[in-house]
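Participant: Provided herewith is a single structure, encoded as structure tokens, for subsequent inquiry.
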Amino acid sequence: MNRALPVVRLRVPTDEDAVAWHRIFDDRDVMEFHGGRSAELYVYEELTARQRRHDAERGFCLWTMVDEDGQVIGFTGAQPWPRDWGPKGEIEIGWRLGRAHWGKGYATAAAQMTLERLRAAGVSHVVALVRPGNERSVAVTRRLGMKLAETFPHPRLPEDALCFRLDL
């Protein structure tokens with residue numbers, strides 16, 4: 001049975017969103033597949049500034065997710081793969097959600113909106129890199145219609161990153 005997805009709004013991240021991201025991602029469960037611990041506030045300040053530049057230059061970024069009550073609940077969006085390993089030169093779609101909002105369909109709804117915006121921006125395909133064991137993110141990739149295409153050796157972990165792809 002398919003349930004209706006929740007209402008979610010995407011916006012270009014603000015300076016205040018850096019503080020909100022820092023607060024809602026300060027959770028061991030949220031950060032399990034992202035280094036295991038929360039980043040310092042300045043990391044989110046730099047990230048939100050970089051995303052504003054991406055949006056201005058490319059028409060897409062990691063947008064702030066806002067729920068139906070106007071609360072910041074995470075981010076989703078896309079950006080060029082930022083590392084020197086993995087799918088270099090590709091556009092990666094991604095999401096991160098505060099723990100209180102898991103299991104409600106927000107990541108899927110926001111990622112679907114992201115795909116629509118990427119198509120409008122002329123992006124031809126996207127990738128999503130997911131760590132093995134991150135079944136919640138694997139489930140979102142499947143709901144989006146993404147397929148496991150390849151794996152990349154992780155430079156710091158004893159595992160391969162799973163690379164899902166989708167033609168837009």
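Ligands are numbered from 1 in the order shown, chains are lettered A, B, ... in the order of the structure tokens, and residues start at 1 in each chain.
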Extract, using only C-alpha atoms, all DNA, RNA and protein residues at most 12 Å from A:Val8, discarding same-chain residues fewer than 3 positions from it, and format them as a PDB file with N, CA and C atoms, in the first residue's frame.

Facilitator:
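Once written, around.pdb looks like this:
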ATOM      1  N   LEU A   5       2.683  11.119   0.392  1.00  0.00           N
ATOM      2  CA  LEU A   5       3.905  11.731   0.917  1.00  0.00           C
ATOM      3  C   LEU A   5       3.557  13.031   1.632  1.00  0.00           C
ATOM      4  N   ARG A  11      14.114  25.245   0.150  1.00  0.00           N
ATOM      5  CA  ARG A  11      14.569  26.630  -0.042  1.00  0.00           C
ATOM      6  C   ARG A  11      16.089  26.649  -0.038  1.00  0.00           C
ATOM      7  N   TRP A  63      19.292  21.946  -0.763  1.00  0.00           N
ATOM      8  CA  TRP A  63      18.297  22.869  -0.228  1.00  0.00           C
ATOM      9  C   TRP A  63      17.895  22.476   1.183  1.00  0.00           C
ATOM     10  N   THR A  64      17.485  23.460   1.940  1.00  0.00           N
ATOM     11  CA  THR A  64      16.924  23.215   3.266  1.00  0.00           C
ATOM     12  C   THR A  64      15.520  22.648   3.101  1.00  0.00           C
ATOM     13  N   MET A  65      15.231  21.580   3.836  1.00  0.00           N
ATOM     14  CA  MET A  65      13.888  20.996   3.863  1.00  0.00           C
ATOM     15  C   MET A  65      13.117  21.617   5.020  1.00  0.00           C
ATOM     16  N   VAL A  66      11.909  22.057   4.722  1.00  0.00           N
ATOM     17  CA  VAL A  66      11.040  22.668   5.716  1.00  0.00           C
ATOM     18  C   VAL A  66       9.721  21.905   5.710  1.00  0.00           C
ATOM     19  N   ASP A  67       9.240  21.525   6.885  1.00  0.00           N
ATOM     20  CA  ASP A  67       7.989  20.763   6.959  1.00  0.00           C
ATOM     21  C   ASP A  67       6.766  21.678   6.873  1.00  0.00           C
ATOM     22  N   GLU A  68       5.581  21.077   6.974  1.00  0.00           N
ATOM     23  CA  GLU A  68       4.335  21.831   6.828  1.00  0.00           C
ATOM     24  C   GLU A  68       4.142  22.864   7.935  1.00  0.00           C
ATOM     25  N   ASP A  69       4.863  22.731   9.042  1.00  0.00           N
ATOM     26  CA  ASP A  69       4.783  23.712  10.132  1.00  0.00           C
ATOM     27  C   ASP A  69       5.850  24.793  10.035  1.00  0.00           C
ATOM     28  N   GLY A  70       6.653  24.750   8.968  1.00  0.00           N
ATOM     29  CA  GLY A  70       7.697  25.752   8.783  1.00  0.00           C
ATOM     30  C   GLY A  70       8.990  25.456   9.516  1.00  0.00           C
ATOM     31  N   GLN A  71       9.124  24.237  10.043  1.00  0.00           N
ATOM     32  CA  GLN A  71      10.324  23.862  10.788  1.00  0.00           C
ATOM     33  C   GLN A  71      11.373  23.255   9.853  1.00  0.00           C
ATOM     34  N   VAL A  72      12.638  23.623  10.066  1.00  0.00           N
ATOM     35  CA  VAL A  72      13.743  23.016   9.328  1.00  0.00           C
ATOM     36  C   VAL A  72      13.895  21.587   9.813  1.00  0.00           C
ATOM     37  N   ILE A  73      13.893  20.629   8.859  1.00  0.00           N
ATOM     38  CA  ILE A  73      13.973  19.222   9.232  1.00  0.00           C
ATOM     39  C   ILE A  73      15.180  18.522   8.613  1.00  0.00           C
ATOM     40  N   GLY A  74      15.930  19.218   7.753  1.00  0.00           N
ATOM     41  CA  GLY A  74      17.099  18.604   7.132  1.00  0.00           C
ATOM     42  C   GLY A  74      17.462  19.289   5.834  1.00  0.00           C
ATOM     43  N   PHE A  75      18.148  18.541   4.969  1.00  0.00           N
ATOM     44  CA  PHE A  75      18.429  19.059   3.630  1.00  0.00           C
ATOM     45  C   PHE A  75      18.308  17.949   2.609  1.00  0.00           C
ATOM     46  N   THR A  76      18.099  18.357   1.384  1.00  0.00           N
ATOM     47  CA  THR A  76      18.153  17.475   0.228  1.00  0.00           C
ATOM     48  C   THR A  76      18.526  18.324  -0.970  1.00  0.00           C
ATOM     49  N   HIS A 101      12.155  13.059  12.216  1.00  0.00           N
ATOM     50  CA  HIS A 101      11.384  13.084  10.971  1.00  0.00           C
ATOM     51  C   HIS A 101      11.581  11.837  10.115  1.00  0.00           C
ATOM     52  N   LYS A 104       8.726   9.027   7.703  1.00  0.00           N
ATOM     53  CA  LYS A 104       7.470   9.713   7.393  1.00  0.00           C
ATOM     54  C   LYS A 104       7.343  10.079   5.918  1.00  0.00           C
ATOM     55  N   GLY A 105       8.377   9.780   5.128  1.00  0.00           N
ATOM     56  CA  GLY A 105       8.330  10.067   3.698  1.00  0.00           C
ATOM     57  C   GLY A 105       8.936  11.395   3.286  1.00  0.00           C
ATOM     58  N   TYR A 106       9.474  12.156   4.234  1.00  0.00           N
ATOM     59  CA  TYR A 106      10.040  13.460   3.896  1.00  0.00           C
ATOM     60  C   TYR A 106      11.213  13.365   2.917  1.00  0.00           C
ATOM     61  N   ALA A 107      12.133  12.437   3.157  1.00  0.00           N
ATOM     62  CA  ALA A 107      13.309  12.330   2.278  1.00  0.00           C
ATOM     63  C   ALA A 107      12.880  11.982   0.861  1.00  0.00           C
ATOM     64  N   THR A 108      11.945  11.053   0.713  1.00  0.00           N
ATOM     65  CA  THR A 108      11.472  10.680  -0.614  1.00  0.00           C
ATOM     66  C   THR A 108      10.768  11.845  -1.301  1.00  0.00           C
ATOM     67  N   ALA A 109       9.869  12.517  -0.589  1.00  0.00           N
ATOM     68  CA  ALA A 109       9.143  13.649  -1.179  1.00  0.00           C
ATOM     69  C   ALA A 109      10.107  14.742  -1.627  1.00  0.00           C
ATOM     70  N   ALA A 110      11.068  15.072  -0.768  1.00  0.00           N
ATOM     71  CA  ALA A 110      12.017  16.135  -1.090  1.00  0.00           C
ATOM     72  C   ALA A 110      12.949  15.713  -2.223  1.00  0.00           C
ATOM     73  N   ALA A 111      13.365  14.453  -2.244  1.00  0.00           N
ATOM     74  CA  ALA A 111      14.243  13.977  -3.319  1.00  0.00           C
ATOM     75  C   ALA A 111      13.501  13.972  -4.649  1.00  0.00           C
ATOM     76  N   GLN A 112      12.213  13.650  -4.657  1.00  0.00           N
ATOM     77  CA  GLN A 112      11.433  13.711  -5.892  1.00  0.00           C
ATOM     78  C   GLN A 112      11.364  15.146  -6.406  1.00  0.00           C
ATOM     79  N   MET A 113      11.189  16.104  -5.505  1.00  0.00           N
ATOM     80  CA  MET A 113      11.191  17.511  -5.896  1.00  0.00           C
ATOM     81  C   MET A 113      12.555  17.902  -6.457  1.00  0.00           C
ATOM     82  N   THR A 114      13.605  17.378  -5.846  1.00  0.00           N
ATOM     83  CA  THR A 114      14.957  17.652  -6.321  1.00  0.00           C
ATOM     84  C   THR A 114      15.126  17.154  -7.754  1.00  0.00           C
TER      85      THR A 114
END

Participant: Pull the alpha helix (DSSP H) assignments for stretch 24-108 of chain A out of DSSP run on the backbone, and list those residues as a list in words.

Facilitator: Ile24, Leu41, Tyr42, Val43, Tyr44, Glu45, Glu46, Leu47, Thr48, Ala49, Arg50, Gln51, Arg52, Arg53, His54, Asp55, Ala56, Glu57, Arg58, Tyr106, Ala107 and Thr108 of chain A

Participant: Would you mind listing what lies within 10 Å of A:Gly98 as a list in words, with only C-alpha atoms counted and same-chain residues fewer than 6 positions away left out?

Facilitator: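 Counting only the stated atoms, we get Ala20, Trp21, Arg23, Ile24, Phe25, Asp26, Asp27, Asp29, Val30, Met31, Val72, Ile73, Gly74 and Phe75 of chain A.
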
Participant: For A:Gly35, which residue out of A:Arg99, A:Lys88, A:Val140, A:Arg131 is the nearest one, using only C-alpha atoms?

Facilitator: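 With only C-alpha atoms as the atom set, the closest residue is A:Arg131.
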
Participant: Smallest atom-to-atom distance to A:Arg119: which of A:Arg53, A:Leu168, A:Arg3, A:Ala39, using only C-alpha atoms?

Facilitator: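 Among A:Arg53, A:Leu168, A:Arg3, A:Ala39, it is A:Leu168 that comes nearest to A:Arg119.
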
Participant: Using only C-alpha atoms, which of the listed residues (A:Leu47, A:Val19, A:Leu62, A:Ala149) sits closest to A:Leu166?

Facilitator: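 Smallest separation from A:Leu166 among the options: A:Ala149.
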
Participant: For a test of reading the model, state the distance in Å between atom CA of A:Pro80 and atom CA of A:Glu46, rounded to one decimal.

Facilitator: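 Taking atom CA of A:Pro80 as the start and atom CA of A:Glu46 as the end point, the length is 15.9 Å.
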
Participant: For the structure I just gave you, how does DSSP split stretch 8-151 of chain A - specifically, which residues are strand (DSSP E or B)? Reply as a PyMOL selection string.

Facilitator: chain A and resi 8-11+62-67+72-80+91-97+125-130+147-151

Participant: Which neighbours of A:Gly133 fall inside 12 Å, counting only C-alpha atoms, when residues of the same chain fewer than 2 positions from it are skipped, and could you give them as a short mmCIF file (atom, residue, chain, number, x, y, z; two decimals) with C-alpha atoms, in the first residue's frame?

Facilitator:
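Saved file around34.cif follows:
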data_model
loop_
_atom_site.label_atom_id
_atom_site.label_comp_id
_atom_site.auth_asym_id
_atom_site.auth_seq_id
_atom_site.Cartn_x
_atom_site.Cartn_y
_atom_site.Cartn_z
CA GLU A 32 26.04 7.08 11.80
CA PHE A 33 26.90 7.03 8.09
CA VAL A 130 25.43 5.25 -0.08
CA ARG A 131 27.41 3.38 2.53
CA GLU A 135 19.18 0.77 4.38
CA ARG A 136 17.09 3.92 4.84
CA SER A 137 19.00 5.72 2.10
CA VAL A 138 19.06 2.63 -0.11
CA ALA A 139 15.25 2.53 0.22
CA GLU A 159 34.08 -0.98 2.57
CA ASP A 160 33.01 -0.01 -0.91
CA ALA A 161 30.57 2.85 -1.39
CA LEU A 162 27.46 1.86 -3.34
#

Participant: Please determine, counting only C-alpha atoms, which residue among A:Cys163, A:Ala18, A:Ile91, A:Leu10 has the shortest atom-to-atom distance to A:Ser124.

Facilitator: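 Closest to A:Ser124, using only C-alpha atoms: A:Ile91.
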
Participant: Taking only C-alpha atoms into account, which of A:Leu118, A:Pro153, A:Cys61, A:Lys147 comes nearest A:Trp95?

Facilitator: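 Checking each candidate against A:Trp95, we get A:Cys61 as the closest.
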
Participant: Quick one: everything within 9 Å of A:Asp167, counting only C-alpha atoms, minus sequence neighbours fewer than 5 positions away in the same chain. Send it as a list of chain:residue names.

Facilitator: A:Ser124, A:His125, A:Val126, A:Met146

Participant: Can those selected residues be exported to a file as a short mmCIF file (atom, residue, chain, number, x, y, z; two decimals), in the first residue's frame so that it contains all heavy atoms?

Facilitator:
data_model
loop_
_atom_site.label_atom_id
_atom_site.label_comp_id
_atom_site.auth_asym_id
_atom_site.auth_seq_id
_atom_site.Cartn_x
_atom_site.Cartn_y
_atom_site.Cartn_z
N SER A 124 21.30 15.68 -16.87
CA SER A 124 20.87 14.49 -17.61
C SER A 124 20.81 13.21 -16.76
O SER A 124 20.06 12.29 -17.09
CB SER A 124 21.80 14.24 -18.80
OG SER A 124 23.13 13.99 -18.35
N HIS A 125 21.59 13.16 -15.69
CA HIS A 125 21.56 11.98 -14.82
C HIS A 125 22.19 12.35 -13.47
O HIS A 125 22.90 13.34 -13.37
CB HIS A 125 22.30 10.79 -15.44
CG HIS A 125 23.76 11.00 -15.61
ND1 HIS A 125 24.30 11.70 -16.67
CD2 HIS A 125 24.80 10.61 -14.86
CE1 HIS A 125 25.61 11.74 -16.56
NE2 HIS A 125 25.95 11.09 -15.45
N VAL A 126 21.88 11.53 -12.46
CA VAL A 126 22.41 11.76 -11.12
C VAL A 126 22.93 10.45 -10.56
O VAL A 126 22.56 9.37 -11.02
CB VAL A 126 21.36 12.35 -10.15
CG1 VAL A 126 20.96 13.74 -10.55
CG2 VAL A 126 20.16 11.44 -10.02
N MET A 146 16.24 4.69 -8.80
CA MET A 146 17.67 4.55 -9.02
C MET A 146 18.07 3.08 -8.96
O MET A 146 17.44 2.29 -8.26
CB MET A 146 18.46 5.36 -8.00
CG MET A 146 18.14 6.84 -8.02
SD MET A 146 19.13 7.81 -6.86
CE MET A 146 20.56 8.12 -7.90
#
